[in-house]
Amino acid sequence: MATPAYTGPFGKAQAERLLWRAGFGPRPGEAARLAKLGLDEAVRSLVRPGPEKLVGPEPKEDRGRPLAPVDAYGHDHLWWLDRMVRTSRPLVERMTLVWHDWFATSNAGVGSQRLMLQQNALLRRHALGSFRELLLALTVDPAMLLWLSGTENTRRSPNENYARELMELFTLGEGNGYTERDVREQARALTGWRYTWRRGAGAVDFRFDRERHDPGMKVIFGRRGTFDWRDACNLCLQHPRHPRFLVEKLWGAFVPVPPDEATRAELERLYRTDYRVRPVLEAILRHPALYTGPRMVKPPAVYLAGLLRGLGRGVDTASWVWLGGMAGQRLFYPPDVAGWDDGRWLDTATFRGRWAVANYALSPYSLSDRRGPTVPNDPEAIVAGALRVVGEPTIRPETRELLLRFARSSLAGARTGWKAKAYPPLVANAVRQLLVTSPDYQTC
Amino acid sequence: MARCCSDYTRSALLRRGVAEAGLGLPGVEPGMPLPAGSGLTRRRLLARSLGLALAVYGGSSLRPEAFEAGIEAAAAAGAPERVLVSVFLDGGADALSMLFPAEDPLYRSLRPRLALPADQGTPFAEDGRLRWHPSLGALATLHGEGKLSVAPGMGYTTPNQSHFTSRHFYEVGATSVRTRTGWLGRYLDRAGTPDNPLQGLSLDSRLQPALATAKLPTAAIDGPDRYDFWTRGVWGEVAERMLAAIRDLGTLPHRGDPGLEAAADAALQSHRLHGQLAPFRPKEGSTGIPSPVPYPASEDAFPRRLAGLAAMLAAGLPVRVVALRAPGMYDTHDSQPAELAEALRLTAESLLAFQRDLEARGLADRVLVHVWSEFGRRARENGSDGTDHGAAGIGLLLGSRVTGRLIGEFPGLQRLDEHGNLRATSDFRALYCAILEQWLGADAEAIVPGARGFQRPQLLRA
Amino acid sequence: MRALALLLALAAAGALLGAAQGAPAPQRMQVTEDEWSLALSRQRLRPGIALIEVFNLGQDAHDLVLQRRAPGARAVRVPRLDYFQRRTIRVRLAAGTYALWCSLPRHRERGMSATLRVR
Ligand SMILES: [Cu+2]
C-alpha cells in the first residue's frame, strides 16, 4: 500500500510548480533540467539534497558591507532571505520556513536576534528529520521559552501559555482531544526551566532547575504519572489524534485542498512509526494532487526569493526588510503564535506591497532610452524579453495575450517621432512589472 | 524613527507579541494589561483589505463584496449626523506646559529650568492664573471663538504611571487591565452595522485600540493619498495604461481555481481602491490632498491625515468614529522645551486647519474632536531638562458645537498628590459618558462600566 | 517610510566616511535597551573601527554613553532615543575595557549599564 504518484507528463511546467511549492522557484534553466530527471528523481533530489552549497553572490547591505545578522536590525531577515535565494537545498530551507510558521515565534517577544537565529538553526537542523526530535528541542529552545513564558512556568506559579499552544497549535489542534484540565496538568509537567540574567548580556544559561519543577502526580489525557517536559511532548505525540493533525497541516503547506481519506490514512501510517517527516514529504511531493490541483498563492518571502533567483540577483539591499513587512511577511516577526494566515496573503494592502517588492526587484534592470541596450519597438519582442529577464516562467496563453495587448496599444501611437525611441523602454519596464504581479506569477 | 513608516513601534510590537502569546513577554511590569483589540477573534485579527479600507478588523465572516455593499448602502442612507474624532498625544503630554500658571512662584520653584517666561503665550481667558504655551496660539484662537473646551485636570483615582497601563485604561474606558474592547469599539458594537467597516476608522497603518470592537468590523487606512503603484522607468500615458492593465489582470478568467481567483481579486480590488482614492491624491505638480484651506507643511502624516479625513467626510463616506495619533512624542524625559514646542505647534495648527477646512466645507457642525493623553507629567522637573510620568493631564474638546467652557478646574500646584503629581479635577470616564450621551446619543451605561457614578459635564451649546 | 530610509541613510553615511576602499568590513555590535537593562550582542570586540547599533526596546526614552576606563578617555554619546528608535554610530575602539550606560537620571543605577572588552 502506498500513496498514489502523479503519472501525467512531467515537463517544465510541472517541475516549476514543484520547485515553487517545495522551494523558492527555479533559477534560469533549472526547471527544464529537473523535468529531465523525471518525477521520482526530481522529488528525490529535493528530499535527499546532499550537503548545502550556496550559489551566487555573497549577500551585502546597500553600502556593500557584509550582513551582521545578530548585530544589526533587519539583517536577520536579510540573512535568511539570502539562504532562500542561494541554497542548493530548497526543500530544507522551505521546511525551515514551514516550521517557523508552525512554531511561530516572534522577536517582538524574544528581543534577541541571536536567540531567534539559534532557533532558526534548530528548525533547519530538523527540517526534514524527526518531528519528535524537533518538538523536544523546540520546547526548551531559549527563544521559545521566552516567547511562550516557559521560564515563567514554575511549580509555585504555573503558566499555561506553552502547554496550551503545544496542544492547540503544535500537535493536536484547537479543542481536539484535550481538556482545560489537560492544559493545567501539562503546564505543571513543563515547569522547571529558567535562565540567568547577566548584566550586559541579558538572559543566558537556559537550563532545567529541579527546584522549580513540580514533581508531583499529574493526570494527562487520562494517564497518571510524575510527568516532566519530555513526557509532556511524548504524550502529545502518542495522542491518537496527533498523526492526523500533523499530516493534514503538513499537507496543507504544499497542497491547497485536503487529502482524500486513503491518502491521509497512508500518510498517517508513514508518519506514525517513528515520527519521520521525510517519507511524508516525499509522498506529498509525488502525489497527483500537487500537480493536478488548483494553484496556491506564493508566500511573500517565497515570492521575493524566487523572483531574485529568476533574475539572478543576490541580496544587496536592506530595503527587503521593510518591503517584507509591507508585503505581509517580515521573517522572525510572525503576527502571533498561530503564524501567518496562509489563506489570506493577498489583499489590497499586501498586493500593493508585492507591487513595491517587484518594483524594487526589477529596478536594477530598468530600461531607459538614454542608456543600456536599445529596446525594439516590437510588442512580441518586449514580452519575450520580459519573460527572459525573470527566468522564463510559464504563464497562461491568455496572460501572455494580455501583456501583448498592453504593449501593442501602448506602442500604437509611438511609431514615429520622439515616442518611437522613448516609449519602448517604458513599455518594457511596465510589461515586466505586470508580468511578475500577474495572477500567474503570484501563484504556483 | 518617525511613526509614519514603521509597523514595528514598541507598542505595536507589544500589541502583537503580548497579545496573542498571552503573557509571552518577560514582564516589563507585572500585570501589564493585554491591549484592547488583541483577542477579538482569537488569533484571527482579520486584516483583510478591500474596497475603501486598507485593512478591516473585526470578527466578521462576510466576504469583501458584502463590506463594499455595506459601505455603499450606508453612504446612500446619508452620512452619519455626527462624527467623533479621537486624537491621542502619545507619551503623556505635559499639561503644566500646555496651560501654565505664569505667576505662581511654586511653578517657578518646581520648574526652575523649564518654567516658561511669564510674558509669553496668550492669557487663558477662563482662568487668570493660566497662559497658553507659546506654541499653542492656534488653540488660543479656537478658545477665543468658543470652539474649544478644556479639561485642565483630566484623570482618574489611583492613577497608574505606566504608559501602557494608563493608555490602556483610556482606550478601554475603564480602569481595568482585563478589558479587551475599546470604549468606542463597544459603542460601535451597539450602534454600528455588520457590513460597514468605515464606521470605525483608524487613520493609521493599524487598528487604534480605542476602536477595538467585539464583533463589528472597523477599518484602518494609513492615509488615502498614499495608495499608489509607482514603477521605476514607467510614466505618462504608459503608466496610465499600466494601471488599467492591473484591472485587466484581475479580470482574467480563473476557472474556479481559488489561488488564481485570490490573486485576481487582489489585483481587481487594488485597482478599484486606487480609483476610489483618486480624489484624495495630490494632483500632478502639487503636494497634499486637495483642500479648501492650507494645512501645515510637515513630514509627519498628521496634517495630511486630517486633510484626507475632511475630504472623506465631504465625499459622504459613512464614517462615525475616527482615531489617530498626534505628531510628536510627548514622553519628554529630557530636552522637553524644544521637542514639546515643536510637537504642540504642529498638532494645534493642524487641528485649527482641520476646523477651518470643515467650516469651509459646511461640515463643522457635524464633527467633534477629542484630544487626550495617557497622563500628565510630574510637577517637579527632573535633572535633565525634562519631566517624568505624572498623573492628571489635559483633555480638549474641539468643534463648532462645544460650550467652550472649562471641564473641571485647574488643579493648582498647592495640593499635589503623594507623588508630586497634579490631582484630577475631572474623570475621563465622565467625559466619555457625556460624549456618548450628548454627542453620539448612545446609552453610556451600556458602554462605560460604572457610568451611573460619574457626574457628566455639559459639553454642547444649548 | 521616508523617515526610515533617512535613518538608514544616516547610519550608512556615518559608516561611509572612513570606509577605505578594500578595507575589511568593520565589526558590528547591537546594544538593546530596556527598563532597566542593556544587552550587548557581543561581549568582546577587537581594537579598531566598530559600528554600534543602539536599539531602544523599552517604554521610555534612553540614551547611551560609551567610555573607555582610562584616565582622560573621551566619552562617546548617542543622543536620546524614543522607544523603538535605533541609531548606528561608528567608533574607533582602543584596547581596554569600556563602560556603557544610559545617562538619564537614575537609569544607570537601576541597571542600564554594561561592560565591553576590547582586545
Ligand atoms: Cu535610560
# chains A, B, ... in the order shown; residues from 1 in each chain; ligands from 1

call {"tool": "residues_near_ligand", "arguments": {"ligand": "ligand 1", "cutoff": "7 Å", "atoms": "only C-alpha atoms and all ligand atoms", "output": "PDB file with all heavy atoms, in the first residue's frame"}}
result
ATOM      1  N   ALA C  61      12.277  56.747  26.882  1.00  0.00           N
ATOM      2  CA  ALA C  61      13.435  57.172  26.111  1.00  0.00           C
ATOM      3  C   ALA C  61      14.717  56.804  26.866  1.00  0.00           C
ATOM      4  O   ALA C  61      14.730  56.743  28.092  1.00  0.00           O
ATOM      5  CB  ALA C  61      13.378  58.671  25.897  1.00  0.00           C
ATOM      6  N   HIS C  62      15.772  56.518  26.124  1.00  0.00           N
ATOM      7  CA  HIS C  62      17.083  56.251  26.719  1.00  0.00           C
ATOM      8  C   HIS C  62      18.164  56.820  25.824  1.00  0.00           C
ATOM      9  O   HIS C  62      17.960  56.989  24.626  1.00  0.00           O
ATOM     10  CB  HIS C  62      17.320  54.740  26.877  1.00  0.00           C
ATOM     11  CG  HIS C  62      16.314  54.076  27.761  1.00  0.00           C
ATOM     12  ND1 HIS C  62      16.258  54.303  29.116  1.00  0.00           N
ATOM     13  CD2 HIS C  62      15.313  53.213  27.486  1.00  0.00           C
ATOM     14  CE1 HIS C  62      15.257  53.607  29.629  1.00  0.00           C
ATOM     15  NE2 HIS C  62      14.664  52.931  28.661  1.00  0.00           N
ATOM     16  N   ASP C  63      19.308  57.100  26.430  1.00  0.00           N
ATOM     17  CA  ASP C  63      20.463  57.457  25.612  1.00  0.00           C
ATOM     18  C   ASP C  63      21.558  56.428  25.883  1.00  0.00           C
ATOM     19  O   ASP C  63      21.307  55.401  26.523  1.00  0.00           O
ATOM     20  CB  ASP C  63      20.931  58.893  25.889  1.00  0.00           C
ATOM     21  CG  ASP C  63      21.484  59.066  27.301  1.00  0.00           C
ATOM     22  OD1 ASP C  63      21.673  58.044  28.013  1.00  0.00           O
ATOM     23  OD2 ASP C  63      21.727  60.206  27.689  1.00  0.00           O
ATOM     24  N   CYS C 102      23.286  54.228  30.287  1.00  0.00           N
ATOM     25  CA  CYS C 102      22.311  55.258  29.931  1.00  0.00           C
ATOM     26  C   CYS C 102      22.483  56.385  30.924  1.00  0.00           C
ATOM     27  O   CYS C 102      22.512  56.158  32.135  1.00  0.00           O
ATOM     28  CB  CYS C 102      20.886  54.704  29.994  1.00  0.00           C
ATOM     29  SG  CYS C 102      19.633  55.983  29.777  1.00  0.00           S
ATOM     30  N   SER C 103      22.588  57.620  30.429  1.00  0.00           N
ATOM     31  CA  SER C 103      22.919  58.723  31.331  1.00  0.00           C
ATOM     32  C   SER C 103      21.692  59.494  31.797  1.00  0.00           C
ATOM     33  O   SER C 103      21.824  60.514  32.448  1.00  0.00           O
ATOM     34  CB  SER C 103      23.906  59.675  30.646  1.00  0.00           C
ATOM     35  OG  SER C 103      23.226  60.443  29.676  1.00  0.00           O
ATOM     36  N   LEU C 104      20.492  59.020  31.467  1.00  0.00           N
ATOM     37  CA  LEU C 104      19.314  59.700  32.002  1.00  0.00           C
ATOM     38  C   LEU C 104      19.274  59.462  33.519  1.00  0.00           C
ATOM     39  O   LEU C 104      19.779  58.456  34.004  1.00  0.00           O
ATOM     40  CB  LEU C 104      18.037  59.173  31.336  1.00  0.00           C
ATOM     41  CG  LEU C 104      17.963  59.409  29.825  1.00  0.00           C
ATOM     42  CD1 LEU C 104      16.571  59.061  29.299  1.00  0.00           C
ATOM     43  CD2 LEU C 104      18.308  60.839  29.463  1.00  0.00           C
ATOM     44  N   HIS C 107      18.891  56.044  35.597  1.00  0.00           N
ATOM     45  CA  HIS C 107      18.780  54.856  34.761  1.00  0.00           C
ATOM     46  C   HIS C 107      19.964  53.920  34.949  1.00  0.00           C
ATOM     47  O   HIS C 107      19.812  52.707  34.944  1.00  0.00           O
ATOM     48  CB  HIS C 107      18.648  55.243  33.281  1.00  0.00           C
ATOM     49  CG  HIS C 107      17.307  55.813  32.933  1.00  0.00           C
ATOM     50  ND1 HIS C 107      16.771  55.738  31.675  1.00  0.00           N
ATOM     51  CD2 HIS C 107      16.385  56.451  33.706  1.00  0.00           C
ATOM     52  CE1 HIS C 107      15.578  56.324  31.680  1.00  0.00           C
ATOM     53  NE2 HIS C 107      15.334  56.768  32.897  1.00  0.00           N
ATOM     54  N   MET C 112      20.914  50.018  33.899  1.00  0.00           N
ATOM     55  CA  MET C 112      21.244  50.236  32.500  1.00  0.00           C
ATOM     56  C   MET C 112      22.730  50.519  32.324  1.00  0.00           C
ATOM     57  O   MET C 112      23.145  51.638  32.019  1.00  0.00           O
ATOM     58  CB  MET C 112      20.397  51.370  31.925  1.00  0.00           C
ATOM     59  CG  MET C 112      18.912  51.028  31.947  1.00  0.00           C
ATOM     60  SD  MET C 112      17.915  52.165  30.986  1.00  0.00           S
ATOM     61  CE  MET C 112      18.464  51.833  29.328  1.00  0.00           C
TER      62      MET C 112
END

call {"tool": "residues_around", "arguments": {"residues": "range 73-75 of chain C", "least_positions_apart": "6", "cutoff": "12 Å", "atoms": "only C-alpha atoms", "output": "tab-separated table (two decimals) with all heavy atoms, in the first residue's frame"}}
result
chain	number	residue	atom	x	y	z
C	64	LEU	N	22.76	56.68	25.38
C	64	LEU	CA	23.85	55.74	25.66
C	64	LEU	C	25.17	56.49	25.67
C	64	LEU	O	25.41	57.36	24.83
C	64	LEU	CB	23.91	54.64	24.60
C	64	LEU	CG	24.91	53.52	24.96
C	64	LEU	CD1	24.33	52.57	26.00
C	64	LEU	CD2	25.36	52.74	23.74
C	65	VAL	N	25.98	56.16	26.65
C	65	VAL	CA	27.33	56.69	26.72
C	65	VAL	C	28.29	55.51	26.69
C	65	VAL	O	28.02	54.47	27.29
C	65	VAL	CB	27.55	57.51	28.02
C	65	VAL	CG1	28.95	58.12	28.03
C	65	VAL	CG2	26.49	58.58	28.15
C	66	LEU	N	29.37	55.69	25.97
C	66	LEU	CA	30.39	54.64	25.84
C	66	LEU	C	31.73	55.29	26.19
C	66	LEU	O	32.11	56.29	25.59
C	66	LEU	CB	30.38	54.15	24.40
C	66	LEU	CG	31.46	53.19	23.92
C	66	LEU	CD1	31.22	51.81	24.48
C	66	LEU	CD2	31.46	53.12	22.40
C	67	GLN	N	32.43	54.74	27.18
C	67	GLN	CA	33.68	55.37	27.59
C	67	GLN	C	34.67	54.32	28.05
C	67	GLN	O	34.34	53.44	28.84
C	67	GLN	CB	33.41	56.37	28.72
C	67	GLN	CG	34.63	57.20	29.08
C	67	GLN	CD	34.28	58.32	30.04
C	67	GLN	OE1	33.43	58.16	30.91
C	67	GLN	NE2	34.94	59.46	29.90
C	91	VAL	N	32.59	54.02	15.73
C	91	VAL	CA	33.58	54.43	16.73
C	91	VAL	C	34.89	53.69	16.47
C	91	VAL	O	34.92	52.61	15.88
C	91	VAL	CB	33.12	54.12	18.18
C	91	VAL	CG1	31.97	55.01	18.57
C	91	VAL	CG2	32.72	52.66	18.32
C	92	ARG	N	35.99	54.33	16.92
C	92	ARG	CA	37.28	53.66	16.86
C	92	ARG	C	37.60	53.19	18.29
C	92	ARG	O	37.68	54.00	19.21
C	92	ARG	CB	38.37	54.62	16.37
C	92	ARG	CG	39.73	53.96	16.20
C	92	ARG	CD	40.75	54.96	15.67
C	92	ARG	NE	40.42	55.43	14.32
C	92	ARG	CZ	40.72	54.76	13.21
C	92	ARG	NH1	41.33	53.60	13.27
C	92	ARG	NH2	40.41	55.26	12.03
C	93	LEU	N	37.73	51.90	18.46
C	93	LEU	CA	37.93	51.34	19.79
C	93	LEU	C	39.40	51.06	20.02
C	93	LEU	O	40.09	50.52	19.15
C	93	LEU	CB	37.14	50.03	19.94
C	93	LEU	CG	35.61	50.13	19.79
C	93	LEU	CD1	35.00	48.74	19.75
C	93	LEU	CD2	35.02	50.95	20.93
C	94	ALA	N	39.87	51.44	21.21
C	94	ALA	CA	41.22	51.09	21.62
C	94	ALA	C	41.14	49.89	22.57
C	94	ALA	O	40.09	49.63	23.17
C	94	ALA	CB	41.87	52.28	22.32
C	95	ALA	N	42.23	49.17	22.70
C	95	ALA	CA	42.23	48.04	23.61
C	95	ALA	C	41.92	48.53	25.02
C	95	ALA	O	42.34	49.61	25.42
C	95	ALA	CB	43.58	47.33	23.58
C	96	GLY	N	41.17	47.73	25.74
C	96	GLY	CA	40.83	48.12	27.10
C	96	GLY	C	39.42	47.70	27.44
C	96	GLY	O	38.80	46.91	26.72
C	97	THR	N	38.93	48.24	28.53
C	97	THR	CA	37.59	47.93	28.98
C	97	THR	C	36.73	49.17	28.85
C	97	THR	O	37.12	50.25	29.30
C	97	THR	CB	37.61	47.46	30.45
C	97	THR	OG1	38.46	46.31	30.52
C	97	THR	CG2	36.22	47.08	30.92
C	98	TYR	N	35.58	49.00	28.22
C	98	TYR	CA	34.67	50.13	28.04
C	98	TYR	C	33.45	49.94	28.92
C	98	TYR	O	32.95	48.83	29.09
C	98	TYR	CB	34.20	50.22	26.59
C	98	TYR	CG	35.22	50.82	25.64
C	98	TYR	CD1	36.33	50.09	25.24
C	98	TYR	CD2	35.07	52.12	25.17
C	98	TYR	CE1	37.25	50.64	24.37
C	98	TYR	CE2	35.98	52.68	24.29
C	98	TYR	CZ	37.08	51.94	23.89
C	98	TYR	OH	38.00	52.47	23.03
C	99	ALA	N	33.02	51.06	29.49
C	99	ALA	CA	31.75	51.06	30.22
C	99	ALA	C	30.69	51.65	29.31
C	99	ALA	O	30.96	52.62	28.59
C	99	ALA	CB	31.88	51.88	31.50
C	100	LEU	N	29.51	51.05	29.33
C	100	LEU	CA	28.37	51.59	28.59
C	100	LEU	C	27.26	51.84	29.60
C	100	LEU	O	27.03	51.02	30.48
C	100	LEU	CB	27.86	50.60	27.54
C	100	LEU	CG	28.77	50.29	26.35
C	100	LEU	CD1	29.71	49.16	26.69
C	100	LEU	CD2	27.93	49.93	25.14
C	101	TRP	N	26.56	52.96	29.44
C	101	TRP	CA	25.44	53.20	30.33
C	101	TRP	C	24.48	54.21	29.72
C	101	TRP	O	24.84	54.91	28.77
C	101	TRP	CB	25.93	53.66	31.71
C	101	TRP	CG	26.52	55.04	31.75
C	101	TRP	CD1	25.87	56.20	32.06
C	101	TRP	CD2	27.89	55.41	31.49
C	101	TRP	NE1	26.74	57.26	32.00
C	101	TRP	CE2	27.99	56.81	31.66
C	101	TRP	CE3	29.04	54.70	31.14
C	101	TRP	CZ2	29.18	57.51	31.48
C	101	TRP	CZ3	30.24	55.40	30.96
C	101	TRP	CH2	30.30	56.79	31.14
C	103	SER	N	22.59	57.62	30.43
C	103	SER	CA	22.92	58.72	31.33
C	103	SER	C	21.69	59.49	31.80
C	103	SER	O	21.82	60.51	32.45
C	103	SER	CB	23.91	59.68	30.65
C	103	SER	OG	23.23	60.44	29.68

call {"tool": "interface_residues", "arguments": {"of": "chain A", "to": "chain C", "cutoff": "10 Å", "atoms": "only C-alpha atoms", "output": "PyMOL selection string"}}
result
chain A and resi 61-73+108+111-114+197-203+318-319+322-323

call {"tool": "write_last_selection", "arguments": {"atoms": "N, CA, C and O atoms", "output": "tab-separated table (two decimals), in the first residue's frame"}}
result
chain	number	residue	atom	x	y	z
A	61	GLU	N	24.67	44.58	2.37
A	61	GLU	CA	23.70	45.66	2.51
A	61	GLU	C	24.04	46.76	1.52
A	61	GLU	O	24.98	46.63	0.73
A	62	ASP	N	23.27	47.84	1.56
A	62	ASP	CA	23.35	48.82	0.47
A	62	ASP	C	24.75	49.38	0.23
A	62	ASP	O	25.11	49.68	-0.89
A	63	ARG	N	25.53	49.55	1.29
A	63	ARG	CA	26.87	50.12	1.11
A	63	ARG	C	27.92	49.06	0.81
A	63	ARG	O	29.11	49.34	0.92
A	64	GLY	N	27.46	47.87	0.52
A	64	GLY	CA	28.41	46.83	0.16
A	64	GLY	C	29.02	46.09	1.32
A	64	GLY	O	29.87	45.22	1.13
A	65	ARG	N	28.62	46.44	2.52
A	65	ARG	CA	29.18	45.73	3.68
A	65	ARG	C	28.50	44.38	3.84
A	65	ARG	O	27.35	44.21	3.48
A	66	PRO	N	29.22	43.43	4.42
A	66	PRO	CA	28.57	42.13	4.67
A	66	PRO	C	27.46	42.26	5.71
A	66	PRO	O	27.42	43.23	6.46
A	67	LEU	N	26.59	41.28	5.75
A	67	LEU	CA	25.50	41.30	6.72
A	67	LEU	C	26.01	41.02	8.12
A	67	LEU	O	27.02	40.35	8.31
A	68	ALA	N	25.28	41.54	9.10
A	68	ALA	CA	25.59	41.29	10.51
A	68	ALA	C	24.31	40.79	11.17
A	68	ALA	O	23.63	41.53	11.86
A	69	PRO	N	23.98	39.50	10.95
A	69	PRO	CA	22.66	39.01	11.34
A	69	PRO	C	22.32	39.17	12.82
A	69	PRO	O	21.16	39.41	13.15
A	70	VAL	N	23.30	39.02	13.71
A	70	VAL	CA	22.94	39.17	15.13
A	70	VAL	C	23.21	40.58	15.64
A	70	VAL	O	22.84	40.91	16.76
A	71	ASP	N	23.85	41.42	14.84
A	71	ASP	CA	24.31	42.71	15.35
A	71	ASP	C	23.64	43.92	14.73
A	71	ASP	O	23.97	45.05	15.09
A	72	ALA	N	22.74	43.73	13.77
A	72	ALA	CA	22.12	44.89	13.15
A	72	ALA	C	20.67	44.58	12.84
A	72	ALA	O	20.34	43.50	12.32
A	73	TYR	N	19.81	45.54	13.12
A	73	TYR	CA	18.38	45.38	12.91
A	73	TYR	C	18.10	45.03	11.44
A	73	TYR	O	18.64	45.64	10.53
A	108	ALA	N	9.49	40.02	18.45
A	108	ALA	CA	8.79	41.06	19.20
A	108	ALA	C	8.70	40.67	20.67
A	108	ALA	O	8.72	41.52	21.54
A	111	GLY	N	13.14	39.51	21.71
A	111	GLY	CA	14.06	40.64	21.88
A	111	GLY	C	15.52	40.29	21.70
A	111	GLY	O	16.39	40.94	22.29
A	112	SER	N	15.84	39.25	20.95
A	112	SER	CA	17.24	38.90	20.72
A	112	SER	C	17.39	38.23	19.37
A	112	SER	O	16.90	37.12	19.16
A	113	GLN	N	18.04	38.91	18.44
A	113	GLN	CA	18.26	38.30	17.13
A	113	GLN	C	19.12	37.05	17.25
A	113	GLN	O	18.96	36.10	16.50
A	114	ARG	N	20.02	37.04	18.22
A	114	ARG	CA	20.87	35.87	18.39
A	114	ARG	C	20.03	34.64	18.74
A	114	ARG	O	20.20	33.57	18.14
A	197	TRP	N	20.03	35.96	34.46
A	197	TRP	CA	20.12	37.29	33.89
A	197	TRP	C	21.52	37.82	34.13
A	197	TRP	O	21.94	37.98	35.27
A	198	ARG	N	22.24	38.04	33.06
A	198	ARG	CA	23.59	38.58	33.24
A	198	ARG	C	23.64	40.00	32.72
A	198	ARG	O	23.26	40.27	31.57
A	199	ARG	N	24.10	40.89	33.58
A	199	ARG	CA	24.17	42.30	33.21
A	199	ARG	C	24.99	42.47	31.94
A	199	ARG	O	26.08	41.92	31.81
A	200	GLY	N	24.44	43.17	30.99
A	200	GLY	CA	25.15	43.42	29.75
A	200	GLY	C	24.93	42.36	28.69
A	200	GLY	O	25.25	42.56	27.53
A	201	ALA	N	24.42	41.21	29.10
A	201	ALA	CA	24.22	40.15	28.11
A	201	ALA	C	22.76	39.71	28.03
A	201	ALA	O	22.34	39.13	27.04
A	202	GLY	N	21.98	39.96	29.08
A	202	GLY	CA	20.58	39.54	29.07
A	202	GLY	C	20.41	38.13	29.58
A	202	GLY	O	21.19	37.65	30.40
A	203	ALA	N	19.41	37.44	29.05
A	203	ALA	CA	19.09	36.09	29.51
A	203	ALA	C	20.11	35.11	28.94
A	203	ALA	O	20.26	35.00	27.72
A	318	ALA	N	19.06	46.53	2.04
A	318	ALA	CA	18.29	46.32	3.26
A	318	ALA	C	16.82	46.69	3.07
A	318	ALA	O	16.01	46.49	3.97
A	319	SER	N	16.46	47.19	1.90
A	319	SER	CA	15.06	47.55	1.66
A	319	SER	C	14.13	46.35	1.79
A	319	SER	O	12.95	46.51	2.05
A	322	TRP	N	11.84	46.30	5.18
A	322	TRP	CA	10.53	46.97	5.28
A	322	TRP	C	9.58	46.55	4.17
A	322	TRP	O	8.38	46.51	4.35
A	323	LEU	N	10.15	46.19	3.02
A	323	LEU	CA	9.27	45.70	1.94
A	323	LEU	C	8.64	44.37	2.33
A	323	LEU	O	7.49	44.09	1.98

call {"tool": "residues_around", "arguments": {"residues": "Pro59 in chain A", "least_positions_apart": "4", "cutoff": "10 Å", "atoms": "only C-alpha atoms", "output": "ChimeraX atom specification"}}
result
/A:64-67,78-79,81-83,85-86,313-317

call {"tool": "select_by_dssp", "arguments": {"residues": "chain C", "states": "strand (DSSP E)", "output": "PyMOL selection string"}}
result
chain C and resi 27-34+37-40+44-45+48-56+62-68+75-81+86-93+96-101+113-118

call {"tool": "select_by_dssp", "arguments": {"residues": "range 179-378 of chain B", "states": "helix (DSSP H, G or I)", "output": "short mmCIF file (atom, residue, chain, number, x, y, z; two decimals) with C-alpha atoms, in the first residue's frame"}}
result
data_model
loop_
_atom_site.label_atom_id
_atom_site.label_comp_id
_atom_site.auth_asym_id
_atom_site.auth_seq_id
_atom_site.Cartn_x
_atom_site.Cartn_y
_atom_site.Cartn_z
CA TRP B 183 -14.78 52.24 24.59
CA LEU B 184 -15.52 53.43 21.05
CA GLY B 185 -15.49 49.83 19.88
CA ARG B 186 -18.23 48.99 22.35
CA TYR B 187 -20.18 51.99 21.13
CA LEU B 188 -19.85 50.72 17.56
CA ASP B 189 -20.88 47.22 18.57
CA ARG B 190 -24.20 48.72 19.69
CA ALA B 191 -24.70 51.46 17.13
CA PRO B 197 -16.02 48.88 8.34
CA LEU B 198 -15.66 52.62 7.76
CA GLN B 199 -17.87 53.27 10.79
CA PRO B 209 -7.23 50.11 20.32
CA ALA B 210 -9.96 52.55 21.38
CA LEU B 211 -11.83 51.33 18.29
CA GLY B 236 2.91 59.31 -18.51
CA GLU B 237 0.35 57.56 -20.66
CA VAL B 238 2.20 54.24 -20.37
CA ALA B 239 1.76 54.43 -16.59
CA GLU B 240 -1.95 55.15 -17.08
CA ARG B 241 -2.28 52.15 -19.36
CA MET B 242 -0.34 50.02 -16.89
CA LEU B 243 -2.88 50.88 -14.18
CA ALA B 244 -5.68 49.82 -16.47
CA ALA B 245 -3.79 46.60 -17.14
CA ILE B 246 -3.85 45.79 -13.41
CA ARG B 247 -7.62 45.71 -13.73
CA ASP B 248 -7.36 43.55 -16.83
CA LEU B 249 -5.13 41.10 -14.97
CA GLY B 250 -7.82 40.96 -12.30
CA PRO B 258 -9.07 29.55 -5.85
CA GLY B 259 -5.39 30.57 -5.98
CA LEU B 260 -5.81 32.39 -9.27
CA GLU B 261 -9.05 33.83 -8.02
CA ALA B 262 -7.43 35.26 -4.88
CA ALA B 263 -4.64 36.84 -6.91
CA ALA B 264 -7.05 38.21 -9.49
CA ASP B 265 -9.38 39.58 -6.80
CA ALA B 266 -6.49 41.35 -5.10
CA ALA B 267 -5.48 42.98 -8.38
CA LEU B 268 -9.04 43.98 -9.17
CA GLN B 269 -9.77 45.36 -5.71
CA SER B 270 -6.46 47.21 -5.62
CA HIS B 271 -7.27 48.82 -8.93
CA ARG B 272 -10.71 49.80 -7.71
CA LEU B 273 -9.32 51.17 -4.44
CA HIS B 274 -6.77 53.19 -6.35
CA GLY B 275 -9.60 54.69 -8.35
CA GLN B 276 -11.73 55.38 -5.29
CA ALA B 278 -8.12 59.31 -6.65
CA PRO B 279 -9.92 62.38 -5.27
CA PHE B 280 -7.59 62.31 -2.27
CA PHE B 302 -0.93 64.10 10.87
CA PRO B 303 -1.92 67.15 8.80
CA ARG B 304 -2.47 65.14 5.63
CA ARG B 305 -4.45 62.54 7.55
CA LEU B 306 -6.77 65.25 8.85
CA ALA B 307 -6.99 66.80 5.39
CA GLY B 308 -7.82 63.37 3.99
CA LEU B 309 -10.45 62.83 6.67
CA ALA B 310 -12.14 66.14 5.85
CA ALA B 311 -12.16 65.15 2.19
CA MET B 312 -13.61 61.74 3.01
CA LEU B 313 -16.35 63.28 5.15
CA ALA B 314 -17.11 65.77 2.39
CA GLN B 336 11.50 68.97 26.79
CA PRO B 337 11.41 72.63 25.73
CA ALA B 338 12.30 72.20 22.07
CA GLU B 339 10.56 68.87 21.47
CA LEU B 340 7.35 69.86 23.18
CA ALA B 341 7.17 73.21 21.41
CA GLU B 342 7.53 71.58 18.01
CA ALA B 343 5.03 68.80 18.69
CA LEU B 344 2.44 71.15 20.19
CA ARG B 345 2.71 73.64 17.36
CA LEU B 346 2.18 71.10 14.61
CA THR B 347 -0.66 69.42 16.50
CA ALA B 348 -2.50 72.66 17.28
CA GLU B 349 -2.02 74.23 13.86
CA SER B 350 -3.19 71.06 12.14
CA LEU B 351 -6.29 70.92 14.33
CA LEU B 352 -7.05 74.56 13.56
CA ALA B 353 -6.64 73.89 9.84
CA PHE B 354 -8.98 70.89 10.16
CA GLN B 355 -11.61 73.04 11.86
CA ARG B 356 -11.30 75.71 9.15
CA ASP B 357 -11.47 73.01 6.48
CA LEU B 358 -14.69 71.63 7.99
CA GLU B 359 -16.11 75.14 8.24
CA ALA B 360 -15.28 75.84 4.60
CA ALA B 364 -18.21 71.84 11.15
CA ASP B 365 -21.47 71.23 13.00
CA ARG B 366 -21.12 67.50 12.46
#
